[in-house]
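Asks: Encoded as structure tokens, here's the structure I'll be asking about.
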Amino acid sequence: MSAPILTFWAPLLVVIAFVIVTILAYLYRNRGESSYKEGTEQTKVFLSGEDEPEAGMRHVRAHNMYWGFFEAMKRYYGPVVRAHTGIVNDYLIWMFGLVALIGVALFAAGLF
Amino acid sequence: MPLLAAFLTPLVGRIGSQARNTFVIVALAIVQILVIIVARDVYANGIHVYTLGAALPSLAIPETHMVPVRIILEVDGLGAFMGLMGATVALAGAIYSISCMKLETGQDRFYTLLLLLAASMVGIQYTGDLFNLFVFLEILSISGAALAGFRTRFVDAVEGGFKYVIVSTVAALLVLISIGMFYGQYNLLNIAALADAMQYTAIDKIALALLVVALLTKSGAVPSHWWVPDTYTPAAGGTSPIIYGASLTCLAALFRVVFSLYGLKLSLSLIGWVVIIAGLLSMFVGVTMALRQTDVKRLMTYHAISQEGYMLLGVGVGLAVLGDPQAVAAYGREAIAGGIFHVINNAFFKGLLLLTGEALFFQLGTRDLNKMGGMGRNMKWTCAFFIIGALAISGVPPFNGFASKLMIYESSFHLNPMLTIIALVVSVMTLASFTKVFQAAFTGPEQPEYAQVQGVPLSMKIGMGILAGATVLFSLFPQFVVDTIVYPAADALLNQAGYVSAVMGGA
Amino acid sequence: MSTIVTNAPFIGVAALACVGLYIMLAQRNLIKIVMGITIFESAVNLFLVSLGYRNEGIAPIFTNATGTHMVLPVPQALTLTSIVIGVATTALMLTFIVLIYRHTGETDAKKSRRVKG
């Protein structure tokens, strides 16, 4: 039973495959243009002629990421985020509610 | 050993801070070695029983009585396994804390608390007595809360510590009620003796509900996970992984109670499915809340909740089929082994990630992801450790996260394909949220206000390096690790009769 | 009637536990929450001690004992340990409340929280 599952692990094979692919990518990269000059117009970022904004404005901030995901899941996120209140009493209410629920469930299961 | 060291630390601290730091590290290293020795002994010779205060260490039942009366330490596969995890995490955290806490006052008390926390972690796993479990649980709560709220100049640290101590105290009281119920019925406190004498009466059912909920709360599973982000986030220095390791030992205590104490007398599918549902909810709620966070460490603590879900799922699947020997041989053992393997993997790479988050806080003075950017250039080692941890936790081959998650996926697939689907989706979302952290904190153009920030001090790198090294080690030799450490632990859980007979003398 | 008399400690336990539970769950003032936890803890300790009672038993002191029918000593040991642990945790909780008050000036659970979500 164990043998068929474990052949997929073989981590050394994955590492070797990764190294081989990296070498191939590097060789492929070396076939590109090498006749450009550093520090001139040729190496600057192309933004349709505009200037590069400063570093603070260029970086995408954390709360802007995955906006689409949050919008799509709004109906799920609304109650869940509101449930995370931070009030200690709520923590305890959840705990005791769970005890009651599991206790009732255990008794109900024993009856059938 | 850690208890002794904990009490000696303030005395040594009077000599000088350098001596105290060395003393703590040496003590934890000795603990590590001792734990490895015990583990090898247990794997070679079977369950190890040590009776406190008796004439011979193995004399569990005194001559004049029928039942064990003294406090017994019983180490089996699971105990040895968790001891290994606890010792490694404690050592790494302590080394990390040396330079992280240099600027803080009251360092004597910090290291004392850290050693107490390590002692309680090992103690919960090695004990065979329910009341001893309760005492160590309380030691864990008190030292963990004090460490979480150590930096009292931050209001969220104090709030985190407060919430932890309230929730822990109430959970421990629930455990105490159930211990009282057991004692009132059977006049016994020893886990093995109770397992022998257990009839599954109505009071036992109430006690089971209390124990399960209390230990689930202490380990941070949904829907009692509310205290986890508040507490792990502001934890001082390198103690976040140690407090996380403490929660994992509470999880293992839950497994111990459900498997070895109740065993086959439970109404199994119900409790198994309760654990599975808790696992699923933890995974999903944990990771979806993690995606929304803008605080680095809070995000990682939501991941801690989500990974606990994986462990609960794996062991829950094994629990749900415990009464069916054929199913157990086919996929139950695999599931339990996967869950347990995930425990130790998680301790390593989640601990590593928490340490990198703390490193960012140490260097930048802020945990807000909205303010960070481009730290990959300045903090190269932290970036490398972060990549290792993030890939491992998402279950990307060749890391060990993939190995344990594959075991969980394969076995839960046999029980119900829906479980595997949810687990896979959660894995993808885990990777998504770590991409978010990576992009926000490490890549991107160099921000002008962080130009002078350089890499973290050496001892922090060593602390992170220990955990990263353990992760890589487990990734490269998963088969060896599983055979030597994990399968004995899974078998120890399944083998309730062996656990009982080691103490009761084969009666 | 005799059932109530023999079970009086357990009725007391239930009453104390309900009072403690209500205070813990419904009161917003942090110090009152700690009081509720302490009352609940007393209920649990009472439960442990009253488990060990044997009818017409005497105190379990072995030397110079007047008879051999004693109440069980083990729950008394458990209760002592639990009381001591309770003292330590209550001290820690109250310390944290003092610190929270120093930072935020509030002792209300809803108004003094600074982290949520």
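Ligands are numbered from 1 in the order shown, residues from 1 within each chain, and chains are lettered A, B, ... in the order they appear in the structure tokens.
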Near range 13-25 of chain C, counting only C-alpha atoms, which residues have an atom at most 8 Å away, once you skip same-chain residues fewer than 5 positions from it, shown as a list of chain:residue names?

Replies: A:Asn89, A:Asp90, A:Leu92, A:Ile93, C:Lys32, C:Ile33, C:Val34, C:Met35, C:Gly36, C:Ile37, C:Thr38, C:Ile39, C:Phe40, C:Ser42, C:Ala43, C:Val44, C:Leu46, C:Phe47

Asks: Which residues are close to Phe341 in chain B, i.e. within 10 Å by only C-alpha atoms, leaving aside same-chain residues fewer than 5 positions away? Reply as a list of chain:residue names.

Replies: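 Near neighbours after the sequence-gap exclusion: B:Phe81, B:Met311, B:Gly314, B:Ala335, B:Ile336, B:Asn346, B:Asn400, B:Gly401, B:Ala403, B:Ser404, B:Lys405, B:Met407, B:Ile408, B:Pro478, B:Val481, B:Val482, B:Ile485, B:Val486, B:Tyr487, B:Ala489, B:Ala490.
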
Asks: Which chain A residues have any atom within 12 Å of an atom of chain C, and for each, what is the nearest pair of atoms with distance in Å to one decimal, counting only C-alpha atoms, rows sorted by chain and number, as JSON lines?

Replies:
```
{"residue": "A:Tyr77", "atom": "CA", "partner": "C:Gly117", "partner_atom": "CA", "distance": 10.8}
{"residue": "A:Gly78", "atom": "CA", "partner": "C:Gly117", "partner_atom": "CA", "distance": 11.1}
{"residue": "A:Pro79", "atom": "CA", "partner": "C:Gly117", "partner_atom": "CA", "distance": 11.1}
{"residue": "A:Val80", "atom": "CA", "partner": "C:Gly117", "partner_atom": "CA", "distance": 8.8}
{"residue": "A:Val81", "atom": "CA", "partner": "C:Gly117", "partner_atom": "CA", "distance": 5.7}
{"residue": "A:Arg82", "atom": "CA", "partner": "C:Gly117", "partner_atom": "CA", "distance": 7.3}
{"residue": "A:Ala83", "atom": "CA", "partner": "C:Gly117", "partner_atom": "CA", "distance": 7.9}
{"residue": "A:His84", "atom": "CA", "partner": "C:Gly117", "partner_atom": "CA", "distance": 4.8}
{"residue": "A:Thr85", "atom": "CA", "partner": "C:Lys116", "partner_atom": "CA", "distance": 5.4}
{"residue": "A:Gly86", "atom": "CA", "partner": "C:Lys116", "partner_atom": "CA", "distance": 4.7}
{"residue": "A:Ile87", "atom": "CA", "partner": "C:Lys110", "partner_atom": "CA", "distance": 5.7}
{"residue": "A:Val88", "atom": "CA", "partner": "C:Ala109", "partner_atom": "CA", "distance": 6.6}
{"residue": "A:Asn89", "atom": "CA", "partner": "C:Leu25", "partner_atom": "CA", "distance": 5.0}
{"residue": "A:Asp90", "atom": "CA", "partner": "C:Leu25", "partner_atom": "CA", "distance": 7.3}
{"residue": "A:Tyr91", "atom": "CA", "partner": "C:Leu25", "partner_atom": "CA", "distance": 8.8}
{"residue": "A:Leu92", "atom": "CA", "partner": "C:Leu25", "partner_atom": "CA", "distance": 6.3}
{"residue": "A:Ile93", "atom": "CA", "partner": "C:Leu25", "partner_atom": "CA", "distance": 6.0}
{"residue": "A:Trp94", "atom": "CA", "partner": "C:Leu25", "partner_atom": "CA", "distance": 9.7}
{"residue": "A:Met95", "atom": "CA", "partner": "C:Leu25", "partner_atom": "CA", "distance": 10.3}
{"residue": "A:Phe96", "atom": "CA", "partner": "C:Leu21", "partner_atom": "CA", "distance": 9.1}
{"residue": "A:Gly97", "atom": "CA", "partner": "C:Leu25", "partner_atom": "CA", "distance": 10.8}
```

Asks: Now that the selection is made, can you save its residues with N, CA and C atoms as a PDB file, in the first residue's frame?

Replies:
```
ATOM      1  N   TYR A  77     -17.539  37.482   3.099  1.00  0.00           N
ATOM      2  CA  TYR A  77     -16.635  38.215   3.979  1.00  0.00           C
ATOM      3  C   TYR A  77     -17.357  39.103   4.972  1.00  0.00           C
ATOM      4  N   GLY A  78     -18.533  39.639   4.577  1.00  0.00           N
ATOM      5  CA  GLY A  78     -19.239  40.566   5.452  1.00  0.00           C
ATOM      6  C   GLY A  78     -19.466  40.010   6.844  1.00  0.00           C
ATOM      7  N   PRO A  79     -20.239  38.910   6.969  1.00  0.00           N
ATOM      8  CA  PRO A  79     -20.479  38.387   8.318  1.00  0.00           C
ATOM      9  C   PRO A  79     -19.213  37.883   9.003  1.00  0.00           C
ATOM     10  N   VAL A  80     -18.294  37.282   8.221  1.00  0.00           N
ATOM     11  CA  VAL A  80     -17.128  36.690   8.869  1.00  0.00           C
ATOM     12  C   VAL A  80     -16.248  37.757   9.489  1.00  0.00           C
ATOM     13  N   VAL A  81     -16.031  38.857   8.763  1.00  0.00           N
ATOM     14  CA  VAL A  81     -15.170  39.892   9.324  1.00  0.00           C
ATOM     15  C   VAL A  81     -15.844  40.560  10.505  1.00  0.00           C
ATOM     16  N   ARG A  82     -17.189  40.711  10.401  1.00  0.00           N
ATOM     17  CA  ARG A  82     -17.880  41.319  11.540  1.00  0.00           C
ATOM     18  C   ARG A  82     -17.862  40.423  12.760  1.00  0.00           C
ATOM     19  N   ALA A  83     -17.759  39.103  12.547  1.00  0.00           N
ATOM     20  CA  ALA A  83     -17.719  38.182  13.689  1.00  0.00           C
ATOM     21  C   ALA A  83     -16.417  38.304  14.457  1.00  0.00           C
ATOM     22  N   HIS A  84     -15.365  38.778  13.789  1.00  0.00           N
ATOM     23  CA  HIS A  84     -14.083  38.931  14.484  1.00  0.00           C
ATOM     24  C   HIS A  84     -14.087  40.258  15.219  1.00  0.00           C
ATOM     25  N   THR A  85     -14.765  40.280  16.362  1.00  0.00           N
ATOM     26  CA  THR A  85     -14.969  41.567  17.010  1.00  0.00           C
ATOM     27  C   THR A  85     -13.800  42.003  17.859  1.00  0.00           C
ATOM     28  N   GLY A  86     -13.145  41.068  18.515  1.00  0.00           N
ATOM     29  CA  GLY A  86     -12.087  41.486  19.429  1.00  0.00           C
ATOM     30  C   GLY A  86     -12.570  41.641  20.852  1.00  0.00           C
ATOM     31  N   ILE A  87     -13.842  41.360  21.108  1.00  0.00           N
ATOM     32  CA  ILE A  87     -14.353  41.479  22.468  1.00  0.00           C
ATOM     33  C   ILE A  87     -14.195  40.131  23.156  1.00  0.00           C
ATOM     34  N   VAL A  88     -13.714  40.160  24.384  1.00  0.00           N
ATOM     35  CA  VAL A  88     -13.404  38.903  25.072  1.00  0.00           C
ATOM     36  C   VAL A  88     -14.657  38.084  25.335  1.00  0.00           C
ATOM     37  N   ASN A  89     -15.770  38.763  25.668  1.00  0.00           N
ATOM     38  CA  ASN A  89     -17.000  38.033  25.966  1.00  0.00           C
ATOM     39  C   ASN A  89     -17.424  37.170  24.786  1.00  0.00           C
ATOM     40  N   ASP A  90     -17.263  37.705  23.579  1.00  0.00           N
ATOM     41  CA  ASP A  90     -17.652  36.923  22.409  1.00  0.00           C
ATOM     42  C   ASP A  90     -16.829  35.659  22.301  1.00  0.00           C
ATOM     43  N   TYR A  91     -15.520  35.753  22.651  1.00  0.00           N
ATOM     44  CA  TYR A  91     -14.677  34.566  22.592  1.00  0.00           C
ATOM     45  C   TYR A  91     -15.248  33.486  23.493  1.00  0.00           C
ATOM     46  N   LEU A  92     -15.646  33.929  24.714  1.00  0.00           N
ATOM     47  CA  LEU A  92     -16.123  32.940  25.677  1.00  0.00           C
ATOM     48  C   LEU A  92     -17.483  32.392  25.272  1.00  0.00           C
ATOM     49  N   ILE A  93     -18.323  33.249  24.665  1.00  0.00           N
ATOM     50  CA  ILE A  93     -19.648  32.777  24.243  1.00  0.00           C
ATOM     51  C   ILE A  93     -19.493  31.683  23.200  1.00  0.00           C
ATOM     52  N   TRP A  94     -18.573  31.879  22.252  1.00  0.00           N
ATOM     53  CA  TRP A  94     -18.336  30.844  21.250  1.00  0.00           C
ATOM     54  C   TRP A  94     -17.903  29.548  21.909  1.00  0.00           C
ATOM     55  N   MET A  95     -17.003  29.637  22.898  1.00  0.00           N
ATOM     56  CA  MET A  95     -16.489  28.418  23.526  1.00  0.00           C
ATOM     57  C   MET A  95     -17.603  27.646  24.204  1.00  0.00           C
ATOM     58  N   PHE A  96     -18.414  28.337  25.018  1.00  0.00           N
ATOM     59  CA  PHE A  96     -19.461  27.620  25.733  1.00  0.00           C
ATOM     60  C   PHE A  96     -20.563  27.159  24.813  1.00  0.00           C
ATOM     61  N   GLY A  97     -20.798  27.928  23.755  1.00  0.00           N
ATOM     62  CA  GLY A  97     -21.779  27.481  22.775  1.00  0.00           C
ATOM     63  C   GLY A  97     -21.352  26.177  22.136  1.00  0.00           C
TER      64      GLY A  97
END
```

Asks: Residues of chain C that approach chain B to 7 Å or less, counting only C-alpha atoms: could you list each one with the shortest pair of atoms and its distance in Å to one decimal, rows by chain and increasing residue number, as a Markdown table?

Replies:
```
| residue | atom | partner | partner_atom | distance |
| --- | --- | --- | --- | --- |
| C:Glu41 | CA | B:Leu173 | CA | 6.8 |
| C:Val44 | CA | B:Ile177 | CA | 6.2 |
| C:Leu48 | CA | B:Gly180 | CA | 5.6 |
| C:Leu51 | CA | B:Gly184 | CA | 5.7 |
| C:Thr89 | CA | B:Ile142 | CA | 6.6 |
| C:Met93 | CA | B:Phe162 | CA | 6.1 |
| C:Phe96 | CA | B:Phe162 | CA | 5.6 |
| C:Leu99 | CA | B:Val158 | CA | 6.8 |
| C:Ile100 | CA | B:Val158 | CA | 6.4 |
| C:His103 | CA | B:Val155 | CA | 6.1 |
| C:Arg114 | CA | B:Asp156 | CA | 6.4 |
| C:Val115 | CA | B:Asp156 | CA | 6.8 |
```

Asks: Pull N, CA and C atoms from the residues just selected and write them as a compact mmCIF listing (two decimals), in the first residue's frame.

Replies:
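Dumped to part-v7.txt:
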```
# COMPACT_ATOMS: atom_id res chain seq x y z
N GLU C 41 -14.30 29.57 38.95
CA GLU C 41 -13.23 28.74 39.49
C GLU C 41 -13.58 28.20 40.86
N VAL C 44 -15.79 25.29 40.45
CA VAL C 44 -15.09 24.06 40.08
C VAL C 44 -14.34 23.47 41.27
N LEU C 48 -14.76 19.77 43.01
CA LEU C 48 -13.71 18.79 43.26
C LEU C 48 -13.73 18.32 44.70
N LEU C 51 -16.59 16.02 45.67
CA LEU C 51 -16.56 14.68 45.10
C LEU C 51 -16.00 13.67 46.08
N THR C 89 -3.14 32.97 38.10
CA THR C 89 -3.75 33.49 36.88
C THR C 89 -4.55 34.75 37.15
N MET C 93 -4.09 38.23 35.24
CA MET C 93 -5.17 38.92 34.53
C MET C 93 -5.33 40.35 35.02
N PHE C 96 -2.70 42.63 33.68
CA PHE C 96 -2.95 43.04 32.32
C PHE C 96 -4.03 44.11 32.25
N LEU C 99 -2.51 47.38 32.98
CA LEU C 99 -1.74 47.88 31.85
C LEU C 99 -2.65 48.39 30.73
N ILE C 100 -3.75 47.66 30.48
CA ILE C 100 -4.67 48.12 29.44
C ILE C 100 -5.25 49.47 29.83
N HIS C 103 -2.85 52.17 29.10
CA HIS C 103 -2.69 52.52 27.69
C HIS C 103 -3.91 53.21 27.13
N ARG C 114 -8.09 47.25 20.74
CA ARG C 114 -7.40 48.00 19.70
C ARG C 114 -7.18 47.16 18.46
N VAL C 115 -7.41 45.85 18.57
CA VAL C 115 -7.24 45.00 17.41
C VAL C 115 -8.54 44.27 17.17
```

Asks: Would you mind telling me which residue in A:Tyr26, A:Gly68, A:Leu101, A:Arg31 lies nearest to chain B when using only C-alpha atoms?

Replies: A:Leu101

Asks: May I have a table of the residues of chain B lying at most 7 Å from chain A, giving each one's closest pair of atoms and their distance in Å to one decimal, counting only C-alpha atoms, ordered by chain and ascending residue number, as a tab-separated table?

Replies:
```
residue	atom	partner	partner_atom	distance
B:Lys163	CA	A:Val88	CA	6.5
B:Val167	CA	A:Leu92	CA	7.0
B:Lys205	CA	A:Leu106	CA	6.6
B:Ile206	CA	A:Gly103	CA	5.8
B:Ala209	CA	A:Gly103	CA	5.4
B:Leu210	CA	A:Val99	CA	5.9
B:Val213	CA	A:Val99	CA	6.1
B:Pro223	CA	A:Trp94	CA	7.0
B:Ser224	CA	A:Met95	CA	6.0
B:Trp226	CA	A:Tyr91	CA	6.2
B:Thr294	CA	A:Ala62	CA	6.3
B:Leu369	CA	A:Ala62	CA	5.7
B:Asn370	CA	A:Arg61	CA	5.0
B:Gly373	CA	A:His59	CA	7.0
B:Pro397	CA	A:Pro11	CA	6.8
B:Pro398	CA	A:Pro11	CA	4.5
B:Ala403	CA	A:Trp9	CA	6.4
B:Lys436	CA	A:Ala62	CA	6.8
B:Ala440	CA	A:Ala62	CA	5.6
B:Gly444	CA	A:His59	CA	5.9
B:Pro445	CA	A:Ala55	CA	5.7
B:Glu446	CA	A:Ala55	CA	6.5
B:Gln447	CA	A:Ala55	CA	5.7
B:Ser475	CA	A:Pro11	CA	6.8
B:Leu476	CA	A:Pro11	CA	5.7
```

Asks: So how many Å separate CA of Thr420 in chain B and CA of Gly309 in chain B, to one decimal?

Replies: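 We find that CA of Thr420 in chain B and CA of Gly309 in chain B lie 12.4 Å from each other.
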
Asks: With only C-alpha atoms as the basis for distance, which of B:Phe477, B:Phe438, B:Tyr126, B:Phe150 is at the shortest distance from Ala252 in chain B?

Replies: B:Tyr126

Asks: May I ask for the distance between CA of Ala384 in chain B and CA of Pro234 in chain B, given in Å to one decimal place?

Replies: 23.3 Å

Asks: Hey, can you check how far CA of Leu261 in chain B sits from CA of Val212 in chain B?

Replies: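 Pair CA of Leu261 in chain B / CA of Val212 in chain B returns 12.1 Å.
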